Amino acid sequence: DGGISTARLTNYRSYQQKKTVIHYRSGLEEQAKNLSQYFGGNLKLVQVRNLRINIDLKLVLGKDMNEVALAHYQQNIALGRSNQLAQAW
């Protein structure tokens with residue numbers, strides 16, 4: 001379908017996340033940057049030590065994830081960037 005495969009989808013604890021961030025495991029900063037590009041490239045990237053064992057990247061959606069950012073994501077999917085991202089992993 002051209003999207004990004006996910007293994008798990010959950011709600012964040014408080015539903016009060018203001019800014020969208022990407023948490024990533026050590027050594028995966030480039031992949032986190034690639035994911036950020038789907039949303040305009042200006043998301044905060046945070047290296048996290050205590051991610052679950054089966055999680056390498058975690059996208060935490062915030063209230064700033066508006067229609068413009070989502071439109072940017074959809075445009076990238078339409079342009080086939082998902083294949084580039086998948087190959088980078």
# chains A, B, ... in the order shown; residues from 1 in each chain; ligands from 1
call {"tool": "residues_around", "arguments": {"residues": "Gly27 (chain A)", "least_positions_apart": "6", "cutoff": "12 Å", "atoms": "only C-alpha atoms", "output": "ChimeraX atom specification"}}
result
/A:33,46-49,56-57,89
call {"tool": "write_last_selection", "arguments": {"atoms": "C-alpha atoms", "output": "short mmCIF file (atom, residue, chain, number, x, y, z; two decimals), in the first residue's frame"}}
result
data_model
loop_
_atom_site.label_atom_id
_atom_site.label_comp_id
_atom_site.auth_asym_id
_atom_site.auth_seq_id
_atom_site.Cartn_x
_atom_site.Cartn_y
_atom_site.Cartn_z
CA LYS A 33 15.95 11.44 10.23
CA VAL A 46 15.44 11.81 20.85
CA GLN A 47 17.81 8.91 21.45
CA VAL A 48 16.18 6.66 24.04
CA ARG A 49 17.82 3.80 25.93
CA ASP A 56 13.78 0.61 16.99
CA LEU A 57 11.88 3.82 16.19
CA TRP A 89 16.28 0.13 7.18
#
call {"tool": "residues_around", "arguments": {"residues": "Arg13 (chain A)", "least_positions_apart": "5", "cutoff": "12 Å", "atoms": "only C-alpha atoms", "output": "list in words"}}
result
Val60, Leu61 and Gly62 of chain A
call {"tool": "write_last_selection", "arguments": {"atoms": "N, CA, C and O atoms", "output": "CSV table (one decimal), in the first residue's frame"}}
result
chain,number,residue,atom,x,y,z
A,60,VAL,N,6.0,9.5,18.2
A,60,VAL,CA,5.0,10.0,19.2
A,60,VAL,C,4.3,11.2,18.6
A,60,VAL,O,4.9,12.3,18.5
A,61,LEU,N,3.1,11.0,18.2
A,61,LEU,CA,2.3,12.1,17.6
A,61,LEU,C,1.9,13.1,18.7
A,61,LEU,O,1.3,12.8,19.7
A,62,GLY,N,2.1,14.4,18.3
A,62,GLY,CA,1.7,15.5,19.2
A,62,GLY,C,0.5,16.3,18.6
A,62,GLY,O,0.1,16.0,17.5
call {"tool": "atom_distance", "arguments": {"atom1": "CA of Val21 (chain A)", "atom2": "CA of Gln75 (chain A)"}}
result
20.1 Å
call {"tool": "atom_distance", "arguments": {"atom1": "CA of Asn50 (chain A)", "atom2": "CA of Met65 (chain A)"}}
result
24.6 Å
call {"tool": "atom_distance", "arguments": {"atom1": "CA of Lys44 (chain A)", "atom2": "CA of Ile22 (chain A)"}}
result
6.3 Å
call {"tool": "residues_around", "arguments": {"residues": "Leu45 (chain A)", "least_positions_apart": "4", "cutoff": "12 Å", "atoms": "only C-alpha atoms", "output": "PyMOL selection string"}}
result
chain A and resi 19-26+28-37+41+57-60
call {"tool": "write_last_selection", "arguments": {"atoms": "N, CA, C and O atoms", "output": "PDB file, in the first residue's frame"}}
result
ATOM      1  N   LYS A  19       4.243  18.369  21.152  1.00  0.00           N
ATOM      2  CA  LYS A  19       5.082  18.312  19.954  1.00  0.00           C
ATOM      3  C   LYS A  19       5.319  16.867  19.534  1.00  0.00           C
ATOM      4  O   LYS A  19       5.559  15.996  20.375  1.00  0.00           O
ATOM      5  N   THR A  20       5.290  16.628  18.252  1.00  0.00           N
ATOM      6  CA  THR A  20       5.593  15.315  17.716  1.00  0.00           C
ATOM      7  C   THR A  20       7.097  15.077  17.797  1.00  0.00           C
ATOM      8  O   THR A  20       7.888  15.956  17.454  1.00  0.00           O
ATOM      9  N   VAL A  21       7.488  13.906  18.275  1.00  0.00           N
ATOM     10  CA  VAL A  21       8.903  13.554  18.394  1.00  0.00           C
ATOM     11  C   VAL A  21       9.117  12.135  17.882  1.00  0.00           C
ATOM     12  O   VAL A  21       8.183  11.331  17.832  1.00  0.00           O
ATOM     13  N   ILE A  22      10.344  11.850  17.536  1.00  0.00           N
ATOM     14  CA  ILE A  22      10.728  10.492  17.160  1.00  0.00           C
ATOM     15  C   ILE A  22      11.743  10.008  18.178  1.00  0.00           C
ATOM     16  O   ILE A  22      12.788  10.628  18.370  1.00  0.00           O
ATOM     17  N   HIS A  23      11.433   8.918  18.841  1.00  0.00           N
ATOM     18  CA  HIS A  23      12.372   8.261  19.745  1.00  0.00           C
ATOM     19  C   HIS A  23      13.083   7.188  18.933  1.00  0.00           C
ATOM     20  O   HIS A  23      12.447   6.466  18.164  1.00  0.00           O
ATOM     21  N   TYR A  24      14.384   7.074  19.121  1.00  0.00           N
ATOM     22  CA  TYR A  24      15.129   6.075  18.354  1.00  0.00           C
ATOM     23  C   TYR A  24      16.187   5.410  19.228  1.00  0.00           C
ATOM     24  O   TYR A  24      16.685   5.977  20.185  1.00  0.00           O
ATOM     25  N   ARG A  25      16.497   4.195  18.858  1.00  0.00           N
ATOM     26  CA  ARG A  25      17.519   3.412  19.536  1.00  0.00           C
ATOM     27  C   ARG A  25      18.907   3.861  19.058  1.00  0.00           C
ATOM     28  O   ARG A  25      19.065   4.313  17.924  1.00  0.00           O
ATOM     29  N   SER A  26      19.906   3.739  19.908  1.00  0.00           N
ATOM     30  CA  SER A  26      21.285   4.097  19.570  1.00  0.00           C
ATOM     31  C   SER A  26      21.689   3.459  18.241  1.00  0.00           C
ATOM     32  O   SER A  26      21.408   2.291  17.991  1.00  0.00           O
ATOM     33  N   LEU A  28      20.587   4.416  15.297  1.00  0.00           N
ATOM     34  CA  LEU A  28      19.539   4.527  14.281  1.00  0.00           C
ATOM     35  C   LEU A  28      19.110   5.969  14.015  1.00  0.00           C
ATOM     36  O   LEU A  28      17.998   6.222  13.562  1.00  0.00           O
ATOM     37  N   GLU A  29      20.015   6.906  14.261  1.00  0.00           N
ATOM     38  CA  GLU A  29      19.677   8.318  14.050  1.00  0.00           C
ATOM     39  C   GLU A  29      19.340   8.606  12.582  1.00  0.00           C
ATOM     40  O   GLU A  29      18.412   9.355  12.290  1.00  0.00           O
ATOM     41  N   GLU A  30      20.068   8.017  11.653  1.00  0.00           N
ATOM     42  CA  GLU A  30      19.792   8.255  10.225  1.00  0.00           C
ATOM     43  C   GLU A  30      18.389   7.781   9.847  1.00  0.00           C
ATOM     44  O   GLU A  30      17.688   8.443   9.100  1.00  0.00           O
ATOM     45  N   GLN A  31      17.983   6.620  10.369  1.00  0.00           N
ATOM     46  CA  GLN A  31      16.637   6.123  10.095  1.00  0.00           C
ATOM     47  C   GLN A  31      15.591   7.052  10.701  1.00  0.00           C
ATOM     48  O   GLN A  31      14.543   7.291  10.105  1.00  0.00           O
ATOM     49  N   ALA A  32      15.878   7.592  11.879  1.00  0.00           N
ATOM     50  CA  ALA A  32      14.961   8.543  12.507  1.00  0.00           C
ATOM     51  C   ALA A  32      14.847   9.807  11.654  1.00  0.00           C
ATOM     52  O   ALA A  32      13.754  10.350  11.465  1.00  0.00           O
ATOM     53  N   LYS A  33      15.971  10.277  11.120  1.00  0.00           N
ATOM     54  CA  LYS A  33      15.953  11.439  10.228  1.00  0.00           C
ATOM     55  C   LYS A  33      15.133  11.148   8.976  1.00  0.00           C
ATOM     56  O   LYS A  33      14.384  12.002   8.497  1.00  0.00           O
ATOM     57  N   ASN A  34      15.309   9.947   8.425  1.00  0.00           N
ATOM     58  CA  ASN A  34      14.532   9.560   7.241  1.00  0.00           C
ATOM     59  C   ASN A  34      13.035   9.583   7.537  1.00  0.00           C
ATOM     60  O   ASN A  34      12.247  10.078   6.731  1.00  0.00           O
ATOM     61  N   LEU A  35      12.650   9.062   8.687  1.00  0.00           N
ATOM     62  CA  LEU A  35      11.240   9.073   9.069  1.00  0.00           C
ATOM     63  C   LEU A  35      10.751  10.506   9.237  1.00  0.00           C
ATOM     64  O   LEU A  35       9.657  10.859   8.793  1.00  0.00           O
ATOM     65  N   SER A  36      11.559  11.348   9.828  1.00  0.00           N
ATOM     66  CA  SER A  36      11.205  12.749  10.033  1.00  0.00           C
ATOM     67  C   SER A  36      10.918  13.450   8.706  1.00  0.00           C
ATOM     68  O   SER A  36      10.046  14.327   8.624  1.00  0.00           O
ATOM     69  N   GLN A  37      11.637  13.065   7.655  1.00  0.00           N
ATOM     70  CA  GLN A  37      11.444  13.683   6.344  1.00  0.00           C
ATOM     71  C   GLN A  37      10.019  13.498   5.821  1.00  0.00           C
ATOM     72  O   GLN A  37       9.520  14.322   5.065  1.00  0.00           O
ATOM     73  N   GLY A  41      10.628  17.085   7.968  1.00  0.00           N
ATOM     74  CA  GLY A  41      12.013  17.066   8.410  1.00  0.00           C
ATOM     75  C   GLY A  41      12.337  17.881   9.640  1.00  0.00           C
ATOM     76  O   GLY A  41      13.493  18.015  10.003  1.00  0.00           O
ATOM     77  N   LEU A  57      12.328   2.440  16.333  1.00  0.00           N
ATOM     78  CA  LEU A  57      11.877   3.824  16.194  1.00  0.00           C
ATOM     79  C   LEU A  57      10.466   3.937  16.738  1.00  0.00           C
ATOM     80  O   LEU A  57       9.657   3.037  16.548  1.00  0.00           O
ATOM     81  N   LYS A  58      10.195   5.045  17.382  1.00  0.00           N
ATOM     82  CA  LYS A  58       8.858   5.265  17.946  1.00  0.00           C
ATOM     83  C   LYS A  58       8.426   6.686  17.595  1.00  0.00           C
ATOM     84  O   LYS A  58       9.083   7.662  17.986  1.00  0.00           O
ATOM     85  N   LEU A  59       7.360   6.808  16.830  1.00  0.00           N
ATOM     86  CA  LEU A  59       6.809   8.095  16.452  1.00  0.00           C
ATOM     87  C   LEU A  59       5.734   8.451  17.464  1.00  0.00           C
ATOM     88  O   LEU A  59       4.729   7.754  17.587  1.00  0.00           O
ATOM     89  N   VAL A  60       5.960   9.533  18.216  1.00  0.00           N
ATOM     90  CA  VAL A  60       5.000   9.989  19.221  1.00  0.00           C
ATOM     91  C   VAL A  60       4.306  11.219  18.638  1.00  0.00           C
ATOM     92  O   VAL A  60       4.904  12.284  18.516  1.00  0.00           O
TER      93      VAL A  60
END
call {"tool": "closest_residue", "arguments": {"among": "A:Tyr15, A:Ala69, A:Ile77, A:Thr10", "to": "Asn42 (chain A)", "atoms": "only C-alpha atoms"}}
result
A:Ala69
call {"tool": "closest_residue", "arguments": {"among": "A:Ile55, A:Lys63, A:Leu70, A:Phe39", "to": "Ser14 (chain A)", "atoms": "only C-alpha atoms"}}
result
A:Lys63
